[in-house]
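A quick write-up on the structure given underneath.
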There are 2 protein chains.
Amino acid sequence: MSTDNTDSSCGASETQSTSENTSDEAASASTDKPTTDAETDTETASKRGASEASSASETTTTSTEASSSSTCGASSDSSDPASSGSCGASGSDDEKEVGATVDDFDAEPGRLVAVGLGPGQPEGMTAKARSALMDAGHIVGYTTYVELLPDEVVEAAEDIYNTPMCGEVSRTEEAIDRALAGNSVAIIGSGDPNVYALAGLALEIVESKGATASMLDFDVVPGVPAAQSCAARVGAPLVNDTVSISLSDHLTDMPTIESRLHAAAKEGFTISIYNPWSRKRRDNYEKCCEILLEHRDPGTPVGVVHAAGREDEQVEIVELAELPDLGETDLVDMTTTLLVGNEDTYVWDDRMVTPRGYETKYDY
Amino acid sequence: MSTDNTDSSCGASETQSTSENTSDEAASASTDKPTTDAETDTETASKRGASEASSASETTTTSTEASSSSTCGASSDSSDPASSGSCGASGSDDEKEVGATVDDFDAEPGRLVAVGLGPGQPEGMTAKARSALMDAGHIVGYTTYVELLPDEVVEAAEDIYNTPMCGEVSRTEEAIDRALAGNSVAIIGSGDPNVYALAGLALEIVESKGATASMLDFDVVPGVPAAQSCAARVGAPLVNDTVSISLSDHLTDMPTIESRLHAAAKEGFTISIYNPWSRKRRDNYEKCCEILLEHRDPGTPVGVVHAAGREDEQVEIVELAELPDLGETDLVDMTTTLLVGNEDTYVWDDRMVTPRGYETKYDY
């Protein structure tokens, strides 16, 4: 995807990483709508919304060159959509407002389903997710995940609308507009829709448009979250009471994140850290390491899973004390999930093992 | 499954609930081995272990009447395997020790894979899980989940070993023995193997037998955890930083659980409560409600999902203040998962919505 696009108001400044984020946040790019997207969205809304019956359109295809794909240049943090605050709309406030509302549509409302794809590859998808995608007429999602969809799904769809890094809000609005226009729409994301992802946003936007979830038979199809798909790569790191924390402070402030890290680290939870690092969030990563080391033994095993399921996947088990330095290596970046063990966790035969607790009661 | 079995040392005292637990713990029944299981395991181990090549056996079938299925009578808490402490071996200490060790096997070691089934129905299984099961010669698991396996998987297996409520430890040992004997074995559980489940136990037992995970190409196939599959039933309750806590104090003591509940409730995490209630753990449930109410508004939405995906599934959204009384109803029992919202969570159109945070930055 392009990073230097002078038409875009996204203000890209660095080359975008090609190893896309498999974290649950990656499937949803959060930004203000750039001019291009806003114009496209309005066009598309009027074509798909107001008085049009649902059917295929010539303006949207799976190709990223299609006019309805956003060409905004993303910031270097773009793999963590929730942190790419530098993507900003340059136009008026109108571009940030809800486009169409339910009153703009004449058609009988269609359907909207939020589908979790799991880690991304087709084998990681549940049968229910696959059939929801086969049933959907329109599929909307982040380009990287659209490109991973199985051929049969792509072929069965009437239309597929995808945007690259920026535009989760506008993309979700587009999906809802299409559903309000009478189409059967599936909006896709990696992992699970309830893990730093699209279920909440979709419902909020439906409400803001004056529609209801029931009107659209809104449904959520769960998927395997990144914490569990990454955990599987290192063995049995999680097992018992566990916490997921995202280090992205775009939507949650850092003091809150720090407080949560303290609470989790003190209590012996196993911890999954999402979005641990980016160039703009080095401080967050350093702070996180500091907090973990304050409460946990420096020898505590940590599973580090980079780009899970991708060609450049790397899986390592390190000690907590090594974590700070890893921030400056390729191993830890926006596509990494960290799995922090507790005081019982040990490493054996290249696997992390957090005992379930049976060994205190049974001999084996 | 039988509850009154005088041959069993499990000491069943109540009729077992037929609405099986879909929580991640249900797939793993933790108990001391009853006499029947121990004898069966020893027999089976000698047939399958020591010097035998892998192949089908006439002693184990998918039928629960098969001799290798445990007929121990479970306690009323049996749907929460980790809490059924009343299932006790009546024999000598020998029955609790590791049966076969790696030195007892002549054959080239086979394979062991831990497979997460998700909520239980075939549609909730990933494609990778399905193919892992199709590839496995032997499948080992809790009866309820074996019974949910798709026909094609059952037909493709050489052998299926299942036990009802009691016996997670012995069942896992059986699976490992079969793998050490040269078979390709899949051990199954609901949800994900890293969520209160079998990945950790399997690795611990492999180690105790003097084998290594690498020797068995041990792999974990992730599945959709109960927290996320239940969350999908109520909309978008989780969304941001989240915690999973089990109220079962069989393997984790109650003071620890209480401390974790306090920590989670103070910090604004959304919270998934596993194994919230059983006849023997009413106090735990009451204490949990008390702690939540200490830190959160009594009007906080809580998703209550009972027997997710089953015929007797019930899904309700209640207020935190109503939770204590629900303990004595059918809605909350061992098959229930609670999804506790945070201060931002609201109910709209019969769905729980925990905002992702975009609404503070964007107009929609």
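Residue numbering restarts at 1 in every chain; chains get A, B, ... in the order shown in the structure tokens, and ligands count up from 1 in that same order.
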
Residues at most 8 Å from Pro119 in chain B, counting only C-alpha atoms, excluding those fewer than 3 positions away in the same chain, as a list in words?
Thr22, Ser23, Gly124, Met125, Ser190, Gly191, Val224, Pro225, Ala226, Ser229, Ala308 and Gly309 of chain B

Write out, as a tab-separated table, each residue of chain A that has an atom at most 6 Å from chain B, together with the closest pair of atoms and their distance in Å to one decimal, counting only C-alpha atoms, rows going by chain and rising number.
```
residue	atom	partner	partner_atom	distance
A:Lys96	CA	B:Asp363	CA	5.6
A:Glu97	CA	B:Asp363	CA	5.1
A:Val98	CA	B:Tyr364	CA	4.7
A:Glu123	CA	B:Ala127	CA	4.7
A:Gly124	CA	B:Thr126	CA	5.5
A:Met125	CA	B:Thr126	CA	5.1
A:Thr126	CA	B:Thr126	CA	3.8
A:Ala127	CA	B:Glu123	CA	4.7
A:Lys128	CA	B:Glu123	CA	4.8
A:Asn194	CA	B:Val239	CA	4.5
A:Val195	CA	B:Val239	CA	4.8
A:Tyr196	CA	B:Val239	CA	4.9
A:Ala199	CA	B:Ala236	CA	5.2
A:Gly200	CA	B:Ala236	CA	5.0
A:Ser208	CA	B:Tyr364	CA	5.7
A:Val220	CA	B:Ala232	CA	5.0
A:Pro222	CA	B:Ser229	CA	5.6
A:Gly223	CA	B:Val224	CA	5.7
A:Val224	CA	B:Val224	CA	4.7
A:Ser229	CA	B:Pro222	CA	5.6
A:Ala232	CA	B:Val220	CA	5.0
A:Ala236	CA	B:Gly200	CA	5.0
A:Leu238	CA	B:Asn194	CA	5.5
A:Val239	CA	B:Asn194	CA	4.5
A:Asn240	CA	B:Tyr196	CA	5.1
A:Asp241	CA	B:Ile245	CA	4.8
A:Thr242	CA	B:Ser244	CA	5.4
A:Val243	CA	B:Val243	CA	4.4
A:Ser244	CA	B:Thr242	CA	5.4
A:Ile245	CA	B:Asp241	CA	4.8
A:Leu251	CA	B:Gly357	CA	5.3
A:Arg260	CA	B:Glu267	CA	5.9
A:Ala263	CA	B:Ala263	CA	5.7
A:Glu267	CA	B:Arg260	CA	5.9
A:Val353	CA	B:Gly200	CA	5.7
A:Thr354	CA	B:Gly200	CA	6.0
A:Pro355	CA	B:Gly200	CA	5.3
A:Arg356	CA	B:Gly200	CA	5.9
A:Gly357	CA	B:Leu251	CA	5.3
A:Asp363	CA	B:Glu97	CA	5.1
A:Tyr364	CA	B:Val98	CA	4.7
```

Just list the residues in range 109-216 of chain A DSSP gives strand (DSSP E) on the backbone, as a ChimeraX atom specification.
/A:111-116,138-142,159-163,184-189

With N, CA and C atoms retained, export the selected residues as a compact mmCIF listing (two decimals), in the first residue's frame.
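Writing the result to selection_12.txt gives the following:
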```txt
# COMPACT_ATOMS: atom_id res chain seq x y z
N ARG A 111 -28.70 -7.39 6.17
CA ARG A 111 -28.10 -8.08 7.32
C ARG A 111 -26.67 -7.64 7.54
N LEU A 112 -26.28 -7.66 8.78
CA LEU A 112 -24.88 -7.34 9.10
C LEU A 112 -24.32 -8.36 10.08
N VAL A 113 -23.20 -8.94 9.73
CA VAL A 113 -22.56 -9.89 10.63
C VAL A 113 -21.08 -9.53 10.76
N ALA A 114 -20.59 -9.54 11.98
CA ALA A 114 -19.17 -9.26 12.24
C ALA A 114 -18.48 -10.61 12.38
N VAL A 115 -17.50 -10.87 11.53
CA VAL A 115 -16.87 -12.21 11.51
C VAL A 115 -15.41 -12.15 11.93
N GLY A 116 -15.07 -12.97 12.91
CA GLY A 116 -13.68 -13.09 13.33
C GLY A 116 -12.99 -14.17 12.52
N HIS A 138 -21.99 -9.10 0.47
CA HIS A 138 -20.92 -8.11 0.48
C HIS A 138 -19.97 -8.40 1.64
N ILE A 139 -18.70 -8.29 1.36
CA ILE A 139 -17.71 -8.48 2.41
C ILE A 139 -16.88 -7.21 2.52
N VAL A 140 -16.73 -6.73 3.73
CA VAL A 140 -15.99 -5.48 3.95
C VAL A 140 -14.87 -5.75 4.94
N GLY A 141 -13.66 -5.27 4.61
CA GLY A 141 -12.57 -5.49 5.56
C GLY A 141 -11.28 -4.84 5.13
N TYR A 142 -10.33 -4.99 5.98
CA TYR A 142 -8.99 -4.48 5.80
C TYR A 142 -8.32 -5.31 4.70
N ASP A 159 -19.82 -8.61 -3.91
CA ASP A 159 -18.91 -7.48 -3.89
C ASP A 159 -18.04 -7.52 -2.66
N ILE A 160 -16.81 -7.05 -2.83
CA ILE A 160 -15.89 -6.99 -1.69
C ILE A 160 -15.28 -5.59 -1.63
N TYR A 161 -15.44 -4.98 -0.49
CA TYR A 161 -14.93 -3.63 -0.28
C TYR A 161 -13.80 -3.70 0.73
N ASN A 162 -12.63 -3.28 0.32
CA ASN A 162 -11.52 -3.34 1.27
C ASN A 162 -10.76 -2.03 1.28
N THR A 163 -10.23 -1.71 2.43
CA THR A 163 -9.37 -0.53 2.54
C THR A 163 -8.09 -0.96 3.23
N SER A 184 -26.77 -8.13 2.27
CA SER A 184 -26.32 -9.01 3.35
C SER A 184 -24.81 -8.80 3.43
N VAL A 185 -24.36 -8.21 4.54
CA VAL A 185 -22.97 -7.77 4.64
C VAL A 185 -22.22 -8.46 5.76
N ALA A 186 -21.01 -8.87 5.47
CA ALA A 186 -20.13 -9.40 6.51
C ALA A 186 -18.95 -8.45 6.63
N ILE A 187 -18.71 -8.00 7.84
CA ILE A 187 -17.52 -7.17 8.07
C ILE A 187 -16.52 -8.07 8.79
N ILE A 188 -15.32 -8.13 8.26
CA ILE A 188 -14.34 -9.09 8.77
C ILE A 188 -13.22 -8.42 9.55
N GLY A 189 -12.67 -9.20 10.45
CA GLY A 189 -11.50 -8.74 11.19
C GLY A 189 -10.69 -9.95 11.60
```

Range 203-301 of chain B: which residues are alpha helix (DSSP H) by DSSP, as a short mmCIF file (atom, residue, chain, number, x, y, z; two decimals) with all heavy atoms, in the first residue's frame?
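Okay, this is what ended up in result-v9.cif:
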```
data_model
loop_
_atom_site.label_atom_id
_atom_site.label_comp_id
_atom_site.auth_asym_id
_atom_site.auth_seq_id
_atom_site.Cartn_x
_atom_site.Cartn_y
_atom_site.Cartn_z
N LEU B 203 1.57 -31.37 28.73
CA LEU B 203 3.03 -31.20 28.78
C LEU B 203 3.61 -31.70 30.10
O LEU B 203 4.68 -32.32 30.13
CB LEU B 203 3.40 -29.73 28.53
CG LEU B 203 3.29 -29.29 27.07
CD1 LEU B 203 3.39 -27.78 26.94
CD2 LEU B 203 4.36 -29.96 26.22
N GLU B 204 2.93 -31.42 31.18
CA GLU B 204 3.42 -31.87 32.49
C GLU B 204 3.50 -33.39 32.54
O GLU B 204 4.46 -33.97 33.04
CB GLU B 204 2.48 -31.40 33.59
CG GLU B 204 2.48 -29.90 33.86
CD GLU B 204 1.48 -29.56 34.96
OE1 GLU B 204 1.83 -29.73 36.14
OE2 GLU B 204 0.35 -29.17 34.63
N ILE B 205 2.49 -34.05 32.01
CA ILE B 205 2.47 -35.51 32.07
C ILE B 205 3.52 -36.11 31.13
O ILE B 205 4.18 -37.10 31.47
CB ILE B 205 1.06 -36.06 31.78
CG1 ILE B 205 0.12 -35.66 32.92
CG2 ILE B 205 1.09 -37.58 31.63
CD1 ILE B 205 -1.31 -36.09 32.73
N VAL B 206 3.70 -35.51 29.97
CA VAL B 206 4.76 -36.00 29.06
C VAL B 206 6.10 -35.95 29.79
O VAL B 206 6.88 -36.91 29.77
CB VAL B 206 4.82 -35.14 27.78
CG1 VAL B 206 6.08 -35.47 26.96
CG2 VAL B 206 3.58 -35.36 26.92
N GLU B 207 6.34 -34.85 30.46
CA GLU B 207 7.59 -34.69 31.19
C GLU B 207 7.72 -35.73 32.30
O GLU B 207 8.78 -36.33 32.48
CB GLU B 207 7.67 -33.28 31.79
CG GLU B 207 9.00 -32.99 32.46
CD GLU B 207 9.09 -31.59 33.04
OE1 GLU B 207 8.06 -30.89 33.14
OE2 GLU B 207 10.21 -31.19 33.40
N SER B 208 6.63 -35.95 33.02
CA SER B 208 6.69 -36.89 34.14
C SER B 208 6.95 -38.30 33.67
O SER B 208 7.42 -39.15 34.44
CB SER B 208 5.39 -36.83 34.94
OG SER B 208 4.36 -37.46 34.22
N ALA B 226 -14.40 -20.08 25.52
CA ALA B 226 -15.78 -19.82 25.94
C ALA B 226 -16.05 -18.33 26.12
O ALA B 226 -17.13 -17.85 25.79
CB ALA B 226 -16.08 -20.56 27.25
N ALA B 227 -15.09 -17.57 26.62
CA ALA B 227 -15.32 -16.14 26.82
C ALA B 227 -15.76 -15.48 25.51
O ALA B 227 -16.72 -14.72 25.48
CB ALA B 227 -14.07 -15.45 27.36
N GLN B 228 -15.05 -15.79 24.45
CA GLN B 228 -15.38 -15.14 23.17
C GLN B 228 -16.62 -15.74 22.51
O GLN B 228 -17.39 -15.02 21.88
CB GLN B 228 -14.18 -15.20 22.21
CG GLN B 228 -13.11 -14.14 22.51
CD GLN B 228 -12.29 -14.48 23.73
OE1 GLN B 228 -12.03 -15.65 24.02
NE2 GLN B 228 -11.87 -13.48 24.49
N SER B 229 -16.82 -17.06 22.64
CA SER B 229 -18.02 -17.60 22.00
C SER B 229 -19.27 -17.15 22.76
O SER B 229 -20.30 -16.88 22.16
CB SER B 229 -17.96 -19.12 21.83
OG SER B 229 -17.65 -19.77 23.03
N CYS B 230 -19.16 -17.00 24.07
CA CYS B 230 -20.30 -16.47 24.82
C CYS B 230 -20.47 -14.97 24.57
O CYS B 230 -21.60 -14.48 24.46
CB CYS B 230 -20.13 -16.74 26.32
SG CYS B 230 -20.30 -18.49 26.72
N ALA B 231 -19.37 -14.26 24.47
CA ALA B 231 -19.46 -12.82 24.20
C ALA B 231 -20.22 -12.57 22.90
O ALA B 231 -21.03 -11.64 22.80
CB ALA B 231 -18.07 -12.21 24.12
N ALA B 232 -19.99 -13.40 21.92
CA ALA B 232 -20.65 -13.23 20.62
C ALA B 232 -22.17 -13.33 20.77
O ALA B 232 -22.91 -12.72 20.00
CB ALA B 232 -20.15 -14.29 19.63
N ARG B 233 -22.63 -14.07 21.77
CA ARG B 233 -24.07 -14.25 21.97
C ARG B 233 -24.73 -12.99 22.52
O ARG B 233 -25.93 -12.80 22.39
CB ARG B 233 -24.35 -15.41 22.94
CG ARG B 233 -23.67 -16.72 22.66
CD ARG B 233 -24.09 -17.38 21.37
NE ARG B 233 -25.46 -17.84 21.44
CZ ARG B 233 -26.45 -17.34 20.70
NH1 ARG B 233 -26.23 -16.39 19.82
NH2 ARG B 233 -27.68 -17.82 20.82
N VAL B 234 -23.94 -12.11 23.18
CA VAL B 234 -24.55 -10.91 23.76
C VAL B 234 -24.11 -9.63 23.06
O VAL B 234 -24.52 -8.55 23.47
CB VAL B 234 -24.29 -10.77 25.29
CG1 VAL B 234 -24.98 -11.90 26.04
CG2 VAL B 234 -22.83 -10.70 25.63
N MET B 254 -9.14 -19.88 47.23
CA MET B 254 -10.10 -18.78 47.19
C MET B 254 -9.49 -17.41 47.51
O MET B 254 -9.83 -16.42 46.85
CB MET B 254 -11.30 -19.10 48.08
CG MET B 254 -12.56 -18.32 47.74
SD MET B 254 -13.04 -18.41 45.96
CE MET B 254 -14.13 -16.95 45.85
N PRO B 255 -8.60 -17.30 48.48
CA PRO B 255 -7.99 -15.98 48.71
C PRO B 255 -7.31 -15.42 47.46
O PRO B 255 -7.38 -14.21 47.20
CB PRO B 255 -6.97 -16.27 49.83
CG PRO B 255 -7.55 -17.41 50.56
CD PRO B 255 -8.22 -18.26 49.52
N THR B 256 -6.68 -16.30 46.70
CA THR B 256 -6.04 -15.85 45.46
C THR B 256 -7.08 -15.38 44.46
O THR B 256 -6.93 -14.34 43.80
CB THR B 256 -5.21 -17.00 44.83
OG1 THR B 256 -4.20 -17.39 45.76
CG2 THR B 256 -4.56 -16.57 43.53
N ILE B 257 -8.15 -16.15 44.35
CA ILE B 257 -9.22 -15.78 43.42
C ILE B 257 -9.82 -14.44 43.83
O ILE B 257 -10.06 -13.56 43.00
CB ILE B 257 -10.31 -16.88 43.39
CG1 ILE B 257 -9.74 -18.18 42.82
CG2 ILE B 257 -11.53 -16.41 42.59
CD1 ILE B 257 -10.67 -19.38 42.90
N GLU B 258 -10.04 -14.26 45.12
CA GLU B 258 -10.63 -13.01 45.59
C GLU B 258 -9.72 -11.82 45.29
O GLU B 258 -10.17 -10.77 44.85
CB GLU B 258 -10.89 -13.08 47.10
CG GLU B 258 -12.01 -14.04 47.47
CD GLU B 258 -12.28 -14.08 48.96
OE1 GLU B 258 -12.06 -13.05 49.64
OE2 GLU B 258 -12.71 -15.15 49.46
N SER B 259 -8.44 -12.02 45.52
CA SER B 259 -7.49 -10.96 45.25
C SER B 259 -7.51 -10.57 43.78
O SER B 259 -7.45 -9.39 43.42
CB SER B 259 -6.10 -11.45 45.68
OG SER B 259 -5.15 -10.42 45.51
N ARG B 260 -7.60 -11.56 42.93
CA ARG B 260 -7.65 -11.29 41.49
C ARG B 260 -8.94 -10.58 41.09
O ARG B 260 -8.94 -9.69 40.23
CB ARG B 260 -7.52 -12.61 40.71
CG ARG B 260 -6.12 -13.20 40.83
CD ARG B 260 -5.99 -14.57 40.19
NE ARG B 260 -4.63 -15.07 40.34
CZ ARG B 260 -4.22 -16.27 39.94
NH1 ARG B 260 -5.06 -17.10 39.34
NH2 ARG B 260 -2.96 -16.64 40.13
N LEU B 261 -10.04 -10.98 41.72
CA LEU B 261 -11.31 -10.31 41.42
C LEU B 261 -11.24 -8.83 41.81
O LEU B 261 -11.69 -7.96 41.05
CB LEU B 261 -12.46 -11.00 42.16
CG LEU B 261 -12.91 -12.34 41.59
CD1 LEU B 261 -13.78 -13.09 42.60
CD2 LEU B 261 -13.68 -12.14 40.28
N HIS B 262 -10.67 -8.57 42.98
CA HIS B 262 -10.52 -7.17 43.41
C HIS B 262 -9.69 -6.40 42.40
O HIS B 262 -10.06 -5.31 41.97
CB HIS B 262 -9.84 -7.10 44.79
CG HIS B 262 -10.76 -7.31 45.94
ND1 HIS B 262 -11.70 -6.38 46.33
CD2 HIS B 262 -10.86 -8.33 46.82
CE1 HIS B 262 -12.36 -6.84 47.40
NE2 HIS B 262 -11.87 -8.02 47.72
N ALA B 263 -8.57 -6.96 42.03
CA ALA B 263 -7.66 -6.27 41.11
C ALA B 263 -8.35 -5.98 39.78
O ALA B 263 -8.26 -4.89 39.24
CB ALA B 263 -6.41 -7.12 40.89
N ALA B 264 -9.03 -6.97 39.26
CA ALA B 264 -9.69 -6.81 37.95
C ALA B 264 -10.83 -5.82 38.03
O ALA B 264 -11.01 -4.97 37.15
CB ALA B 264 -10.20 -8.17 37.46
N ALA B 265 -11.61 -5.91 39.09
CA ALA B 265 -12.79 -5.06 39.21
C ALA B 265 -12.42 -3.59 39.40
O ALA B 265 -13.12 -2.70 38.92
CB ALA B 265 -13.67 -5.54 40.36
N LYS B 266 -11.32 -3.34 40.07
CA LYS B 266 -10.89 -1.96 40.28
C LYS B 266 -10.40 -1.31 39.01
O LYS B 266 -10.50 -0.10 38.84
CB LYS B 266 -9.69 -1.94 41.25
CG LYS B 266 -10.01 -2.00 42.71
CD LYS B 266 -8.70 -1.88 43.51
CE LYS B 266 -8.77 -2.76 44.74
NZ LYS B 266 -7.51 -2.89 45.45
N ARG B 282 -21.26 -22.27 46.19
CA ARG B 282 -22.17 -21.12 46.32
C ARG B 282 -21.44 -19.95 46.97
O ARG B 282 -21.62 -18.80 46.57
CB ARG B 282 -23.35 -21.48 47.21
CG ARG B 282 -24.38 -22.37 46.59
CD ARG B 282 -25.45 -22.68 47.64
NE ARG B 282 -26.68 -23.15 47.02
CZ ARG B 282 -27.01 -24.42 46.89
NH1 ARG B 282 -26.20 -25.36 47.34
NH2 ARG B 282 -28.16 -24.76 46.30
N ASP B 283 -20.64 -20.25 47.97
CA ASP B 283 -19.92 -19.19 48.67
C ASP B 283 -19.00 -18.43 47.73
O ASP B 283 -18.87 -17.20 47.83
CB ASP B 283 -19.06 -19.77 49.81
CG ASP B 283 -19.91 -20.27 50.96
OD1 ASP B 283 -21.14 -19.98 50.96
OD2 ASP B 283 -19.35 -20.93 51.86
N ASN B 284 -18.37 -19.15 46.85
CA ASN B 284 -17.45 -18.51 45.91
C ASN B 284 -18.22 -17.52 45.03
O ASN B 284 -17.78 -16.41 44.77
CB ASN B 284 -16.77 -19.55 45.01
CG ASN B 284 -15.92 -20.52 45.79
OD1 ASN B 284 -15.95 -20.56 47.02
ND2 ASN B 284 -15.17 -21.33 45.08
N TYR B 285 -19.38 -17.95 44.59
CA TYR B 285 -20.21 -17.10 43.73
C TYR B 285 -20.66 -15.85 44.48
O TYR B 285 -20.57 -14.73 43.98
CB TYR B 285 -21.42 -17.89 43.24
CG TYR B 285 -22.36 -17.09 42.37
CD1 TYR B 285 -22.04 -16.81 41.05
CD2 TYR B 285 -23.58 -16.61 42.88
CE1 TYR B 285 -22.89 -16.07 40.24
CE2 TYR B 285 -24.44 -15.87 42.08
CZ TYR B 285 -24.09 -15.60 40.76
OH TYR B 285 -24.94 -14.86 39.97
N GLU B 286 -21.12 -16.06 45.71
CA GLU B 286 -21.58 -14.92 46.52
C GLU B 286 -20.45 -13.94 46.76
O GLU B 286 -20.63 -12.72 46.66
CB GLU B 286 -22.12 -15.41 47.87
CG GLU B 286 -23.49 -16.04 47.75
CD GLU B 286 -23.90 -16.77 49.03
OE1 GLU B 286 -23.30 -16.50 50.11
OE2 GLU B 286 -24.82 -17.61 48.95
N LYS B 287 -19.30 -14.48 47.05
CA LYS B 287 -18.14 -13.62 47.31
C LYS B 287 -17.76 -12.84 46.05
O LYS B 287 -17.43 -11.66 46.11
CB LYS B 287 -16.96 -14.50 47.77
CG LYS B 287 -15.81 -13.72 48.35
CD LYS B 287 -16.22 -13.03 49.65
CE LYS B 287 -15.13 -12.09 50.13
NZ LYS B 287 -15.60 -11.25 51.24
N CYS B 288 -17.82 -13.50 44.95
CA CYS B 288 -17.50 -12.86 43.68
C CYS B 288 -18.44 -11.69 43.43
O CYS B 288 -18.01 -10.58 43.08
CB CYS B 288 -17.60 -13.87 42.54
SG CYS B 288 -17.49 -13.13 40.89
N CYS B 289 -19.72 -11.90 43.62
CA CYS B 289 -20.71 -10.83 43.41
C CYS B 289 -20.43 -9.66 44.35
O CYS B 289 -20.49 -8.49 43.96
CB CYS B 289 -22.13 -11.35 43.66
SG CYS B 289 -22.68 -12.57 42.46
N GLU B 290 -20.10 -10.00 45.56
CA GLU B 290 -19.82 -8.99 46.57
C GLU B 290 -18.63 -8.12 46.16
O GLU B 290 -18.68 -6.89 46.22
CB GLU B 290 -19.48 -9.74 47.86
CG GLU B 290 -19.44 -8.97 49.12
CD GLU B 290 -19.02 -9.90 50.27
OE1 GLU B 290 -19.75 -10.88 50.53
OE2 GLU B 290 -17.95 -9.63 50.85
N ILE B 291 -17.59 -8.77 45.69
CA ILE B 291 -16.40 -8.05 45.29
C ILE B 291 -16.66 -7.17 44.08
O ILE B 291 -16.26 -6.00 44.02
CB ILE B 291 -15.23 -9.03 45.01
CG1 ILE B 291 -14.78 -9.70 46.30
CG2 ILE B 291 -14.07 -8.31 44.32
CD1 ILE B 291 -13.82 -10.86 46.10
N LEU B 292 -17.38 -7.71 43.12
CA LEU B 292 -17.70 -6.91 41.93
C LEU B 292 -18.52 -5.68 42.32
O LEU B 292 -18.26 -4.58 41.85
CB LEU B 292 -18.46 -7.75 40.90
CG LEU B 292 -17.67 -8.89 40.24
CD1 LEU B 292 -18.60 -9.75 39.37
CD2 LEU B 292 -16.52 -8.36 39.42
N LEU B 293 -19.49 -5.88 43.19
CA LEU B 293 -20.35 -4.77 43.60
C LEU B 293 -19.61 -3.74 44.43
O LEU B 293 -20.01 -2.58 44.52
CB LEU B 293 -21.58 -5.30 44.35
CG LEU B 293 -22.66 -5.87 43.43
CD1 LEU B 293 -23.59 -6.81 44.20
CD2 LEU B 293 -23.47 -4.75 42.78
N GLU B 294 -18.54 -4.16 45.04
CA GLU B 294 -17.73 -3.23 45.83
C GLU B 294 -17.05 -2.21 44.92
O GLU B 294 -16.85 -1.05 45.28
CB GLU B 294 -16.66 -4.04 46.57
CG GLU B 294 -15.88 -3.30 47.63
CD GLU B 294 -14.84 -4.19 48.29
OE1 GLU B 294 -15.18 -5.37 48.57
OE2 GLU B 294 -13.71 -3.72 48.53
N HIS B 295 -16.72 -2.62 43.72
CA HIS B 295 -15.96 -1.74 42.84
C HIS B 295 -16.76 -1.20 41.66
O HIS B 295 -16.32 -0.24 41.02
CB HIS B 295 -14.74 -2.48 42.29
CG HIS B 295 -13.82 -3.00 43.35
ND1 HIS B 295 -12.97 -2.18 44.06
CD2 HIS B 295 -13.63 -4.25 43.83
CE1 HIS B 295 -12.28 -2.91 44.92
NE2 HIS B 295 -12.67 -4.17 44.81
#
```

May I ask for the distance between CA of Lys280 in chain B and CA of Gly327 in chain B, given in Å to one decimal place?
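Separation of CA of Lys280 in chain B and CA of Gly327 in chain B: 12.0 Å.
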